[in-house]
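Peer 1: Handing over coords.cif, mmCIF, C-alpha atoms.
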data_start
loop_
_atom_site.group_PDB
_atom_site.id
_atom_site.type_symbol
_atom_site.label_atom_id
_atom_site.label_comp_id
_atom_site.auth_asym_id
_atom_site.auth_seq_id
_atom_site.Cartn_x
_atom_site.Cartn_y
_atom_site.Cartn_z
ATOM 1 C CA MET A 1 1.596 14.618 -4.325
ATOM 2 C CA TYR A 2 2.178 11.878 -6.890
ATOM 3 C CA TYR A 3 4.346 8.776 -7.150
ATOM 4 C CA VAL A 4 5.630 7.475 -10.475
ATOM 5 C CA GLY A 5 6.867 4.116 -11.665
ATOM 6 C CA ILE A 6 8.538 3.862 -15.066
ATOM 7 C CA ASP A 7 9.271 0.730 -17.079
ATOM 8 C CA GLY A 8 11.400 1.637 -20.073
ATOM 9 C CA GLY A 9 12.693 -0.617 -22.824
ATOM 10 C CA GLY A 10 13.907 -0.665 -26.381
ATOM 11 C CA THR A 11 10.385 -0.617 -27.828
ATOM 12 C CA ASN A 12 8.263 1.507 -25.514
ATOM 13 C CA THR A 13 8.030 3.274 -22.174
ATOM 14 C CA ARG A 14 5.209 3.028 -19.656
ATOM 15 C CA ALA A 15 4.583 5.230 -16.633
ATOM 16 C CA CYS A 16 2.188 4.379 -13.794
ATOM 17 C CA ILE A 17 1.127 7.164 -11.439
ATOM 18 C CA LEU A 18 -0.252 6.751 -7.926
ATOM 19 C CA ASN A 19 -1.958 9.362 -5.764
ATOM 20 C CA GLU A 20 -1.485 9.931 -2.045
ATOM 21 C CA GLN A 21 -3.953 7.106 -1.301
ATOM 22 C CA LYS A 22 -1.759 4.652 -3.305
ATOM 23 C CA GLU A 23 -4.437 4.448 -5.989
ATOM 24 C CA ILE A 24 -3.504 4.100 -9.663
ATOM 25 C CA ILE A 25 -4.766 7.160 -11.501
ATOM 26 C CA GLY A 26 -3.470 6.009 -14.875
ATOM 27 C CA ILE A 27 -0.777 4.410 -17.007
ATOM 28 C CA GLY A 28 0.785 6.335 -19.876
ATOM 29 C CA LYS A 29 2.721 5.017 -22.850
ATOM 30 C CA ALA A 30 5.391 6.494 -25.110
ATOM 31 C CA GLY A 31 8.311 5.434 -27.307
ATOM 32 C CA PRO A 32 11.620 3.711 -26.441
ATOM 33 C CA SER A 33 13.856 4.819 -23.587
ATOM 34 C CA SER A 34 16.631 2.226 -23.118
ATOM 35 C CA ILE A 35 19.734 4.354 -22.661
ATOM 36 C CA ASP A 36 21.831 1.903 -24.673
ATOM 37 C CA THR A 37 19.621 2.195 -27.754
ATOM 38 C CA VAL A 38 18.443 5.843 -27.850
ATOM 39 C CA ASP A 39 19.943 9.223 -26.956
ATOM 40 C CA ILE A 40 19.286 10.619 -23.492
ATOM 41 C CA GLU A 41 17.116 13.370 -24.995
ATOM 42 C CA VAL A 42 14.847 10.696 -26.481
ATOM 43 C CA THR A 43 14.751 8.860 -23.150
ATOM 44 C CA LEU A 44 13.714 11.998 -21.263
ATOM 45 C CA THR A 45 11.165 12.981 -23.916
ATOM 46 C CA ASN A 46 9.457 9.599 -23.696
ATOM 47 C CA PHE A 47 9.576 9.538 -19.891
ATOM 48 C CA ASN A 48 7.894 12.936 -19.911
ATOM 49 C CA GLU A 49 5.315 11.998 -22.542
ATOM 50 C CA ALA A 50 4.265 8.832 -20.692
ATOM 51 C CA ILE A 51 3.922 10.759 -17.413
ATOM 52 C CA MET A 52 2.154 13.794 -18.849
ATOM 53 C CA GLN A 53 -0.291 11.606 -20.764
ATOM 54 C CA VAL A 54 -1.758 10.504 -17.433
ATOM 55 C CA PHE A 55 -1.921 14.014 -16.008
ATOM 56 C CA ARG A 56 -3.572 15.346 -19.174
ATOM 57 C CA GLU A 57 -6.165 12.584 -19.194
ATOM 58 C CA ASN A 58 -6.989 13.323 -15.559
ATOM 59 C CA LYS A 59 -6.941 17.112 -16.136
ATOM 60 C CA ILE A 60 -4.331 17.563 -13.397
ATOM 61 C CA GLU A 61 -2.421 20.852 -13.591
ATOM 62 C CA ASN A 62 0.873 21.634 -11.852
ATOM 63 C CA PRO A 63 1.299 18.169 -10.306
ATOM 64 C CA GLN A 64 4.088 17.597 -7.792
ATOM 65 C CA ILE A 65 6.024 14.350 -8.201
ATOM 66 C CA VAL A 66 7.726 13.435 -4.936
ATOM 67 C CA SER A 67 9.056 9.963 -5.752
ATOM 68 C CA LEU A 68 9.947 7.968 -8.864
ATOM 69 C CA PHE A 69 11.239 4.474 -9.390
ATOM 70 C CA ILE A 70 12.644 3.851 -12.850
ATOM 71 C CA GLY A 71 13.453 0.465 -14.340
ATOM 72 C CA VAL A 72 15.047 1.009 -17.727
ATOM 73 C CA GLY A 73 17.082 -0.957 -20.233
ATOM 74 C CA GLY A 74 20.790 -0.220 -20.581
ATOM 75 C CA VAL A 75 21.350 0.686 -16.923
ATOM 76 C CA LEU A 76 23.886 -1.673 -15.367
ATOM 77 C CA THR A 77 26.622 0.316 -13.600
ATOM 78 C CA ASP A 78 26.423 2.708 -10.656
ATOM 79 C CA SER A 79 27.690 5.519 -12.874
ATOM 80 C CA SER A 80 24.927 4.961 -15.448
ATOM 81 C CA LYS A 81 22.317 4.978 -12.672
ATOM 82 C CA GLU A 82 23.657 8.240 -11.235
ATOM 83 C CA TYR A 83 23.828 9.801 -14.692
ATOM 84 C CA LEU A 84 20.206 9.002 -15.457
ATOM 85 C CA ARG A 85 19.087 10.080 -11.980
ATOM 86 C CA ASN A 86 20.607 13.525 -12.528
ATOM 87 C CA GLU A 87 19.115 13.831 -15.997
ATOM 88 C CA VAL A 88 15.621 12.926 -14.764
ATOM 89 C CA LYS A 89 15.722 15.864 -12.357
ATOM 90 C CA LYS A 90 15.383 18.112 -15.424
ATOM 91 C CA LEU A 91 11.847 16.875 -16.096
ATOM 92 C CA PRO A 92 8.993 19.231 -15.198
ATOM 93 C CA TYR A 93 6.932 18.850 -12.025
ATOM 94 C CA ILE A 94 9.591 16.819 -10.226
ATOM 95 C CA LYS A 95 10.382 18.336 -6.854
ATOM 96 C CA GLN A 96 14.041 19.113 -6.260
ATOM 97 C CA ASP A 97 14.108 16.843 -3.215
ATOM 98 C CA ALA A 98 12.193 14.030 -4.954
ATOM 99 C CA LEU A 99 13.337 10.468 -4.378
ATOM 100 C CA ILE A 100 14.568 8.969 -7.649
ATOM 101 C CA GLY A 101 15.419 5.281 -7.788
ATOM 102 C CA VAL A 102 17.068 3.946 -10.954
ATOM 103 C CA GLU A 103 17.696 0.299 -11.785
ATOM 104 C CA ASN A 104 17.837 -1.983 -14.799
ATOM 105 C CA ASP A 105 14.430 -2.923 -16.223
ATOM 106 C CA VAL A 106 14.824 -6.453 -14.854
ATOM 107 C CA TYR A 107 14.440 -4.910 -11.381
ATOM 108 C CA ALA A 108 11.021 -3.528 -12.362
ATOM 109 C CA ALA A 109 10.102 -6.936 -13.732
ATOM 110 C CA HIS A 110 10.989 -8.424 -10.349
ATOM 111 C CA LEU A 111 8.877 -5.844 -8.520
ATOM 112 C CA GLY A 112 5.858 -6.682 -10.648
ATOM 113 C CA GLY A 113 6.481 -10.404 -10.783
ATOM 114 C CA LEU A 114 6.833 -10.853 -7.028
ATOM 115 C CA GLY A 115 4.823 -7.940 -5.688
ATOM 116 C CA ASN A 116 7.886 -6.317 -4.079
ATOM 117 C CA ARG A 117 8.708 -9.497 -2.120
ATOM 118 C CA PRO A 118 12.081 -11.278 -1.920
ATOM 119 C CA GLY A 119 12.520 -14.093 -4.417
ATOM 120 C CA VAL A 120 13.590 -14.789 -7.989
ATOM 121 C CA CYS A 121 12.123 -13.643 -11.271
ATOM 122 C CA LEU A 122 12.962 -15.564 -14.431
ATOM 123 C CA ILE A 123 12.323 -13.682 -17.643
ATOM 124 C CA VAL A 124 11.734 -16.039 -20.542
ATOM 125 C CA GLY A 125 10.762 -13.961 -23.534
ATOM 126 C CA THR A 126 12.650 -12.699 -26.564
ATOM 127 C CA GLY A 127 15.636 -12.620 -24.206
ATOM 128 C CA SER A 128 16.295 -14.393 -20.915
ATOM 129 C CA VAL A 129 17.633 -13.467 -17.486
ATOM 130 C CA ALA A 130 17.215 -14.543 -13.862
ATOM 131 C CA PHE A 131 17.257 -11.912 -11.134
ATOM 132 C CA GLY A 132 16.805 -12.273 -7.397
ATOM 133 C CA ILE A 133 16.532 -10.128 -4.277
ATOM 134 C CA ASP A 134 16.856 -11.696 -0.830
ATOM 135 C CA GLU A 135 15.557 -10.558 2.551
ATOM 136 C CA ASP A 136 18.762 -8.582 3.211
ATOM 137 C CA ASN A 137 18.262 -6.676 -0.077
ATOM 138 C CA ASN A 138 21.205 -8.405 -1.742
ATOM 139 C CA THR A 139 20.739 -8.889 -5.494
ATOM 140 C CA HIS A 140 22.157 -11.191 -8.135
ATOM 141 C CA ARG A 141 21.490 -11.706 -11.821
ATOM 142 C CA ALA A 142 22.467 -14.506 -14.177
ATOM 143 C CA GLY A 143 22.285 -14.219 -17.943
ATOM 144 C CA GLY A 144 20.724 -11.302 -19.730
ATOM 145 C CA TYR A 145 23.824 -10.174 -21.631
ATOM 146 C CA GLY A 146 22.008 -9.962 -24.940
ATOM 147 C CA TYR A 147 21.582 -12.157 -27.998
ATOM 148 C CA GLN A 148 25.260 -11.741 -28.899
ATOM 149 C CA GLU A 149 26.116 -13.857 -25.847
ATOM 150 C CA GLY A 150 23.274 -16.250 -26.590
ATOM 151 C CA ASP A 151 20.265 -15.409 -24.385
ATOM 152 C CA ALA A 152 20.155 -19.119 -23.578
ATOM 153 C CA GLY A 153 16.660 -20.539 -23.155
ATOM 154 C CA SER A 154 14.954 -17.524 -24.734
ATOM 155 C CA SER A 155 12.664 -17.339 -27.754
ATOM 156 C CA PHE A 156 15.660 -16.025 -29.696
ATOM 157 C CA ASP A 157 17.650 -19.085 -28.664
ATOM 158 C CA LEU A 158 14.866 -21.438 -29.803
ATOM 159 C CA GLY A 159 14.549 -19.567 -33.089
ATOM 160 C CA LYS A 160 18.285 -19.676 -33.779
ATOM 161 C CA LYS A 161 18.349 -23.413 -33.141
ATOM 162 C CA THR A 162 15.339 -23.839 -35.439
ATOM 163 C CA ILE A 163 17.289 -22.290 -38.310
ATOM 164 C CA GLN A 164 20.275 -24.502 -37.534
ATOM 165 C CA HIS A 165 18.006 -27.552 -37.461
ATOM 166 C CA ILE A 166 16.245 -26.931 -40.775
ATOM 167 C CA SER A 167 19.618 -26.307 -42.452
ATOM 168 C CA ARG A 168 20.774 -29.734 -41.331
ATOM 169 C CA VAL A 169 17.534 -31.340 -42.447
ATOM 170 C CA PHE A 170 17.730 -29.624 -45.834
ATOM 171 C CA ASP A 171 21.110 -31.158 -46.720
ATOM 172 C CA GLY A 172 20.492 -34.551 -45.125
ATOM 173 C CA ARG A 173 22.478 -34.282 -41.899
ATOM 174 C CA ARG A 174 19.246 -34.890 -40.002
ATOM 175 C CA LYS A 175 16.121 -36.726 -41.001
ATOM 176 C CA THR A 176 12.943 -34.883 -41.918
ATOM 177 C CA THR A 177 10.194 -34.807 -39.278
ATOM 178 C CA PRO A 178 6.941 -32.794 -39.117
ATOM 179 C CA PHE A 179 8.813 -30.071 -37.161
ATOM 180 C CA ALA A 180 11.173 -29.193 -40.025
ATOM 181 C CA GLN A 181 8.487 -29.753 -42.667
ATOM 182 C CA ASP A 182 6.187 -27.295 -40.894
ATOM 183 C CA VAL A 183 8.916 -24.633 -40.901
ATOM 184 C CA PHE A 184 9.748 -25.279 -44.570
ATOM 185 C CA ASN A 185 6.095 -24.921 -45.530
ATOM 186 C CA CYS A 186 5.395 -21.803 -43.468
ATOM 187 C CA LEU A 187 8.557 -20.006 -44.606
ATOM 188 C CA GLY A 188 8.214 -21.121 -48.218
ATOM 189 C CA ILE A 189 11.536 -22.942 -48.357
ATOM 190 C CA LYS A 190 11.627 -25.142 -51.463
ATOM 191 C CA GLY A 191 15.229 -24.843 -52.545
ATOM 192 C CA ILE A 192 18.690 -23.614 -51.657
ATOM 193 C CA ASP A 193 17.928 -20.034 -52.692
ATOM 194 C CA GLN A 194 15.032 -19.714 -50.253
ATOM 195 C CA LEU A 195 17.025 -21.364 -47.462
ATOM 196 C CA ILE A 196 19.957 -18.967 -47.884
ATOM 197 C CA ASP A 197 17.562 -16.000 -47.996
ATOM 198 C CA ILE A 198 16.004 -17.127 -44.708
ATOM 199 C CA ILE A 199 19.385 -17.645 -43.035
ATOM 200 C CA MET A 200 20.607 -14.201 -44.114
ATOM 201 C CA SER A 201 17.383 -12.311 -43.340
ATOM 202 C CA TYR A 202 17.115 -13.801 -39.855
ATOM 203 C CA HIS A 203 20.818 -13.383 -39.069
ATOM 204 C CA LEU A 204 21.191 -10.897 -36.180
ATOM 205 C CA ASP A 205 17.484 -9.942 -36.375
ATOM 206 C CA ARG A 206 16.683 -10.813 -32.793
ATOM 207 C CA THR A 207 12.944 -10.197 -32.910
ATOM 208 C CA LYS A 208 12.408 -12.000 -36.208
ATOM 209 C CA THR A 209 14.399 -15.012 -35.040
ATOM 210 C CA ALA A 210 12.458 -15.166 -31.765
ATOM 211 C CA GLN A 211 9.213 -15.447 -33.732
ATOM 212 C CA LEU A 212 10.241 -18.981 -34.765
ATOM 213 C CA ALA A 213 10.036 -20.249 -31.168
ATOM 214 C CA PRO A 214 6.356 -21.342 -31.438
ATOM 215 C CA PHE A 215 7.365 -23.939 -34.055
ATOM 216 C CA VAL A 216 9.603 -25.536 -31.411
ATOM 217 C CA THR A 217 7.069 -25.567 -28.576
ATOM 218 C CA LYS A 218 4.245 -26.748 -30.870
ATOM 219 C CA HIS A 219 6.173 -29.775 -32.084
ATOM 220 C CA ALA A 220 7.704 -30.495 -28.691
ATOM 221 C CA ASP A 221 4.143 -30.842 -27.411
ATOM 222 C CA LEU A 222 3.492 -33.256 -30.299
ATOM 223 C CA GLY A 223 6.510 -35.356 -29.340
ATOM 224 C CA ASP A 224 9.026 -34.401 -32.050
ATOM 225 C CA ILE A 225 12.462 -35.566 -30.854
ATOM 226 C CA TYR A 226 14.346 -32.616 -32.337
ATOM 227 C CA ALA A 227 11.969 -29.987 -30.969
ATOM 228 C CA ARG A 228 12.135 -31.651 -27.552
ATOM 229 C CA LYS A 229 15.933 -31.669 -27.663
ATOM 230 C CA ILE A 230 15.923 -27.904 -28.258
ATOM 231 C CA CYS A 231 13.494 -27.423 -25.346
ATOM 232 C CA ASP A 232 15.562 -29.702 -23.101
ATOM 233 C CA GLU A 233 18.729 -27.700 -23.751
ATOM 234 C CA ALA A 234 16.909 -24.392 -23.264
ATOM 235 C CA THR A 235 15.251 -25.310 -19.979
ATOM 236 C CA THR A 236 18.526 -26.703 -18.629
ATOM 237 C CA GLU A 237 20.205 -23.348 -19.329
ATOM 238 C CA LEU A 238 17.359 -21.439 -17.662
ATOM 239 C CA ALA A 239 17.555 -23.695 -14.607
ATOM 240 C CA LEU A 240 21.303 -22.978 -14.409
ATOM 241 C CA CYS A 241 20.508 -19.260 -14.256
ATOM 242 C CA VAL A 242 18.065 -19.847 -11.403
ATOM 243 C CA GLU A 243 20.597 -22.047 -9.614
ATOM 244 C CA ALA A 244 23.286 -19.349 -9.886
ATOM 245 C CA VAL A 245 20.966 -16.751 -8.359
ATOM 246 C CA ASN A 246 19.825 -19.120 -5.616
ATOM 247 C CA LYS A 247 23.437 -19.925 -4.661
ATOM 248 C CA ALA A 248 24.493 -16.274 -4.602
ATOM 249 C CA LEU A 249 21.682 -15.166 -2.277
ATOM 250 C CA ASN A 250 20.368 -16.195 1.104
ATOM 251 C CA LEU A 251 16.737 -16.570 0.082
ATOM 252 C CA ARG A 252 14.354 -17.609 2.800
ATOM 253 C CA ASN A 253 11.293 -16.941 0.656
ATOM 254 C CA LYS A 254 11.611 -19.567 -2.064
ATOM 255 C CA GLU A 255 9.301 -17.881 -4.524
ATOM 256 C CA LEU A 256 9.879 -17.623 -8.266
ATOM 257 C CA ALA A 257 7.912 -15.678 -10.837
ATOM 258 C CA ILE A 258 8.242 -16.677 -14.486
ATOM 259 C CA ILE A 259 7.736 -13.705 -16.791
ATOM 260 C CA GLY A 260 7.122 -13.983 -20.520
ATOM 261 C CA SER A 261 4.803 -15.983 -22.734
ATOM 262 C CA LEU A 262 7.375 -18.664 -23.582
ATOM 263 C CA GLY A 263 7.812 -19.618 -19.937
ATOM 264 C CA ASN A 264 4.136 -19.395 -19.016
ATOM 265 C CA THR A 265 2.439 -21.319 -21.829
ATOM 266 C CA PRO A 266 1.357 -24.797 -20.665
ATOM 267 C CA GLY A 267 3.104 -27.642 -22.465
ATOM 268 C CA TYR A 268 6.366 -29.556 -22.701
ATOM 269 C CA PHE A 269 8.621 -26.504 -22.345
ATOM 270 C CA ARG A 270 6.908 -25.206 -19.210
ATOM 271 C CA THR A 271 6.723 -28.684 -17.631
ATOM 272 C CA GLN A 272 10.430 -29.307 -18.172
ATOM 273 C CA LEU A 273 11.327 -25.863 -16.843
ATOM 274 C CA GLU A 274 9.313 -26.279 -13.641
ATOM 275 C CA THR A 275 10.666 -29.788 -13.069
ATOM 276 C CA LYS A 276 14.283 -28.622 -13.339
ATOM 277 C CA ILE A 277 13.724 -25.584 -11.110
ATOM 278 C CA LYS A 278 12.118 -27.784 -8.450
ATOM 279 C CA LEU A 279 15.298 -29.887 -8.383
ATOM 280 C CA ILE A 280 17.226 -26.776 -7.286
ATOM 281 C CA ALA A 281 14.887 -25.843 -4.426
ATOM 282 C CA ASP A 282 11.222 -26.180 -3.542
ATOM 283 C CA PHE A 283 10.248 -22.904 -5.186
ATOM 284 C CA ASN A 284 6.683 -21.687 -5.249
ATOM 285 C CA ILE A 285 6.500 -21.053 -9.000
ATOM 286 C CA HIS A 286 3.901 -18.750 -10.532
ATOM 287 C CA GLY A 287 3.361 -16.154 -13.242
ATOM 288 C CA PRO A 288 3.771 -12.414 -12.588
ATOM 289 C CA ILE A 289 1.616 -10.912 -9.854
ATOM 290 C CA THR A 290 1.300 -7.599 -11.665
ATOM 291 C CA GLU A 291 2.934 -5.564 -14.424
ATOM 292 C CA PRO A 292 6.493 -4.237 -13.990
ATOM 293 C CA VAL A 293 5.357 -0.629 -14.297
ATOM 294 C CA ILE A 294 2.804 -1.070 -11.494
ATOM 295 C CA GLY A 295 5.402 -2.761 -9.293
ATOM 296 C CA ALA A 296 7.741 0.183 -9.931
ATOM 297 C CA ALA A 297 5.018 2.661 -8.931
ATOM 298 C CA TYR A 298 4.344 0.832 -5.666
ATOM 299 C CA LYS A 299 8.093 0.837 -5.013
ATOM 300 C CA ALA A 300 8.191 4.636 -5.512
ATOM 301 C CA TYR A 301 5.299 5.047 -3.083
ATOM 302 C CA ASP A 302 6.757 2.692 -0.450
ATOM 303 C CA ASP A 303 10.203 4.327 -0.636
ATOM 304 C CA ALA A 304 8.615 7.709 0.099
ATOM 305 C CA HIS A 305 6.707 6.356 3.096
ATOM 306 C CA LYS A 306 9.489 4.545 4.903
#
How does the structure come out when it is put into structure tokens?
Peer 2:
Amino acid sequence: MYYVGIDGGGTNTRACILNEQKEIIGIGKAGPSSIDTVDIEVTLTNFNEAIMQVFRENKIENPQIVSLFIGVGGVLTDSSKEYLRNEVKKLPYIKQDALIGVENDVYAAHLGGLGNRPGVCLIVGTGSVAFGIDEDNNTHRAGGYGYQEGDAGSSFDLGKKTIQHISRVFDGRRKTTPFAQDVFNCLGIKGIDQLIDIIMSYHLDRTKTAQLAPFVTKHADLGDIYARKICDEATTELALCVEAVNKALNLRNKELAIIGSLGNTPGYFRTQLETKIKLIADFNIHGPITEPVIGAAYKAYDDAHK
């Protein structure tokens, strides 16, 4: 009997498989599976490929999957969860009476970040979202509506504000500091044509825009007033997300896992973020305990052994 955790997003899908002794026998990887970005056939194909990769590598034939926990992008409503649950039953080797849990991928991030304990996870990567589960299994999320809404405090947010800043420096609305000069040099901006090209090419390209965030954190660490202002605004927004989750839940375990390189890199940004979170409650703040896909697999195993 085998237990499967799946972490599916817009870029790739990972599946972790446990045996009856709760040992990890492998982690498989396939293409995207977020149900809001690819067709359901693509989602199922990549779920299956990630799972079967592990069984093939371990030369396991006719495996029986008795429990799955799936954290996947695009799942928000009860109807979308039920839809995906029914579709997953079509995959091979899944027993008809298998337990199938389906939640948004932020749930899997929480499972990995906190080791299946109550608390709050704060994702600070390309996007941003805070999600908490209390001891009574109540949940609440704040943020995470996508870059169209703003993804406040995320790498995308920092990148967008970097473009706004250099535009203002270029035409004299703000003074030039090493922060803007570094961006001009690295992006090859010497005149209006290059600036317009940058603005247009980065417009609505979430990933590309997010890649500008390191300019902000680098110069915030060096004391640049404009870079620090961007970080101050971002960390205030992230703290508001944490505060909203904390107010909505009855958390006795004040534990918070920060997930994502932006939130876990030592420096001005991280220091400001921790300071503001500590003003909300005396959280024990740390990085993720394990990967989301491993947390999802342990959840599948534990659900089957209740």
Peer 1: Quick one: everything within 7 Å of Val293 (chain A), counting all atoms listed in the file, minus sequence neighbours fewer than 2 positions away in the same chain. Send it as a PyMOL selection string.
Peer 2: chain A and resi 5-7+14-16+108+291+295-297
Peer 1: Pull out every residue that the PyMOL selection byres ((chain A and resi 298) around 12) matches in the shown coordinates and put them as a PyMOL selection string.
Peer 2: chain A and resi 2-6+15-24+67-70+108+111-112+115-117+290-297+299-305
Peer 1: Would you mind exporting C-alpha atoms of the selected residues as a PDB file, keeping the file's coordinate frame?
Peer 2:
ATOM      1  CA  TYR A   2       2.178  11.878  -6.890  1.00  0.00           C
ATOM      2  CA  TYR A   3       4.346   8.776  -7.150  1.00  0.00           C
ATOM      3  CA  VAL A   4       5.630   7.475 -10.475  1.00  0.00           C
ATOM      4  CA  GLY A   5       6.867   4.116 -11.665  1.00  0.00           C
ATOM      5  CA  ILE A   6       8.538   3.862 -15.066  1.00  0.00           C
ATOM      6  CA  ALA A  15       4.583   5.230 -16.633  1.00  0.00           C
ATOM      7  CA  CYS A  16       2.188   4.379 -13.794  1.00  0.00           C
ATOM      8  CA  ILE A  17       1.127   7.164 -11.439  1.00  0.00           C
ATOM      9  CA  LEU A  18      -0.252   6.751  -7.926  1.00  0.00           C
ATOM     10  CA  ASN A  19      -1.958   9.362  -5.764  1.00  0.00           C
ATOM     11  CA  GLU A  20      -1.485   9.931  -2.045  1.00  0.00           C
ATOM     12  CA  GLN A  21      -3.953   7.106  -1.301  1.00  0.00           C
ATOM     13  CA  LYS A  22      -1.759   4.652  -3.305  1.00  0.00           C
ATOM     14  CA  GLU A  23      -4.437   4.448  -5.989  1.00  0.00           C
ATOM     15  CA  ILE A  24      -3.504   4.100  -9.663  1.00  0.00           C
ATOM     16  CA  SER A  67       9.056   9.963  -5.752  1.00  0.00           C
ATOM     17  CA  LEU A  68       9.947   7.968  -8.864  1.00  0.00           C
ATOM     18  CA  PHE A  69      11.239   4.474  -9.390  1.00  0.00           C
ATOM     19  CA  ILE A  70      12.644   3.851 -12.850  1.00  0.00           C
ATOM     20  CA  ALA A 108      11.021  -3.528 -12.362  1.00  0.00           C
ATOM     21  CA  LEU A 111       8.877  -5.844  -8.520  1.00  0.00           C
ATOM     22  CA  GLY A 112       5.858  -6.682 -10.648  1.00  0.00           C
ATOM     23  CA  GLY A 115       4.823  -7.940  -5.688  1.00  0.00           C
ATOM     24  CA  ASN A 116       7.886  -6.317  -4.079  1.00  0.00           C
ATOM     25  CA  ARG A 117       8.708  -9.497  -2.120  1.00  0.00           C
ATOM     26  CA  THR A 290       1.300  -7.599 -11.665  1.00  0.00           C
ATOM     27  CA  GLU A 291       2.934  -5.564 -14.424  1.00  0.00           C
ATOM     28  CA  PRO A 292       6.493  -4.237 -13.990  1.00  0.00           C
ATOM     29  CA  VAL A 293       5.357  -0.629 -14.297  1.00  0.00           C
ATOM     30  CA  ILE A 294       2.804  -1.070 -11.494  1.00  0.00           C
ATOM     31  CA  GLY A 295       5.402  -2.761  -9.293  1.00  0.00           C
ATOM     32  CA  ALA A 296       7.741   0.183  -9.931  1.00  0.00           C
ATOM     33  CA  ALA A 297       5.018   2.661  -8.931  1.00  0.00           C
ATOM     34  CA  LYS A 299       8.093   0.837  -5.013  1.00  0.00           C
ATOM     35  CA  ALA A 300       8.191   4.636  -5.512  1.00  0.00           C
ATOM     36  CA  TYR A 301       5.299   5.047  -3.083  1.00  0.00           C
ATOM     37  CA  ASP A 302       6.757   2.692  -0.450  1.00  0.00           C
ATOM     38  CA  ASP A 303      10.203   4.327  -0.636  1.00  0.00           C
ATOM     39  CA  ALA A 304       8.615   7.709   0.099  1.00  0.00           C
ATOM     40  CA  HIS A 305       6.707   6.356   3.096  1.00  0.00           C
TER      41      HIS A 305
END
Peer 1: Where does the PyMOL selection byres ((chain A and resi 196-210) around 10) land in this file, that is, which residues does it pick, as a VMD selection string?
Peer 2: chain A and resid 125 to 127 146 to 148 154 to 164 167 187 to 189 191 to 195 211 to 214
Peer 1: Can you list, as a ChimeraX atom specification, every protein, DNA or RNA residue that comes within 6 Å of Ala30 (chain A) when you count only C-alpha atoms, leaving out same-chain residues fewer than 5 positions away?
Peer 2: /A:12-13,46,50
Peer 1: Using Å and a single decimal, report how far CA of Leu256 (chain A) sits from CA of Ile285 (chain A).
Peer 2: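 A separation of 4.9 Å between them.
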Peer 1: Name every residue that the PyMOL selection byres ((chain A and resi 227) around 12) selects in this structure, writing the answer as a VMD selection string with chains first and numbers rising.
Peer 2: chain A and resid 158 to 159 161 to 166 177 to 180 182 to 183 212 to 226 228 to 234 268 to 269
Peer 1: For the atom pair CA of Leu249 (chain A) and CA of Ile280 (chain A), what is the interatomic distance in Å to one decimal place?
Peer 2: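 Spanning CA of Leu249 (chain A) to CA of Ile280 (chain A) is a straight-line distance of 13.4 Å.
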Peer 1: Would you pick out the contacts of Asn104 (chain A) at 9 Å or less, using only C-alpha atoms, so that residues sharing its chain but fewer than 6 positions from it are not included, and give the list as a list in words?
Peer 2: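 The residues satisfying every condition are Ile70, Gly71, Val72, Gly73, Gly74, Val75, Leu76 and Lys81 of chain A.
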Peer 1: Would you compute the distance between CA of Glu57 (chain A) and CA of Pro92 (chain A)? Give it in Å to one decimal.
Peer 2: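 About the pair CA of Glu57 (chain A) and CA of Pro92 (chain A): they are 17.0 Å apart.
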Peer 1: Between A:Met52, A:Val42, A:Leu251, A:Leu240, which one has atoms that come closest to Asp282 (chain A), using all atoms listed in the file?
Peer 2: A:Leu251
Peer 1: Which residue is closest to Lys278 (chain A)? Choose from A:Ala98, A:Ile259, A:Ala239, A:Ile123 and count only C-alpha atoms.
Peer 2: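 Under the stated criterion, the closest residue is A:Ala239.
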Peer 1: What's around Leu44 (chain A) at 9 Å? Count only C-alpha atoms, leave out sequence neighbours fewer than 5 positions away in its own chain, and write the answer as a list of chain:residue names.
Peer 2: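 Near Leu44 (chain A), the qualifying residues are A:Ser33, A:Asp39, A:Glu49, A:Glu87, A:Val88, A:Lys90, A:Leu91.
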Peer 1: From the options A:Lys59, A:Arg141, A:Lys29, A:Arg252, which residue's atoms come nearest to Thr45 (chain A), counting all atoms listed in the file?
Peer 2: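 Closest to Thr45 (chain A) of all the choices is A:Lys29.
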Peer 1: Between A:Val120, A:Val245, A:Ala130, A:Ile25, which one has atoms that come closest to Tyr145 (chain A), using all atoms listed in the file?
Peer 2: A:Ala130
Peer 1: Quick one: residues within 6 Å of (5.0, -16.4, -7.2) (file frame), counting only C-alpha atoms, please, as a PyMOL selection string.
Peer 2: chain A and resi 114+255-257+284-286
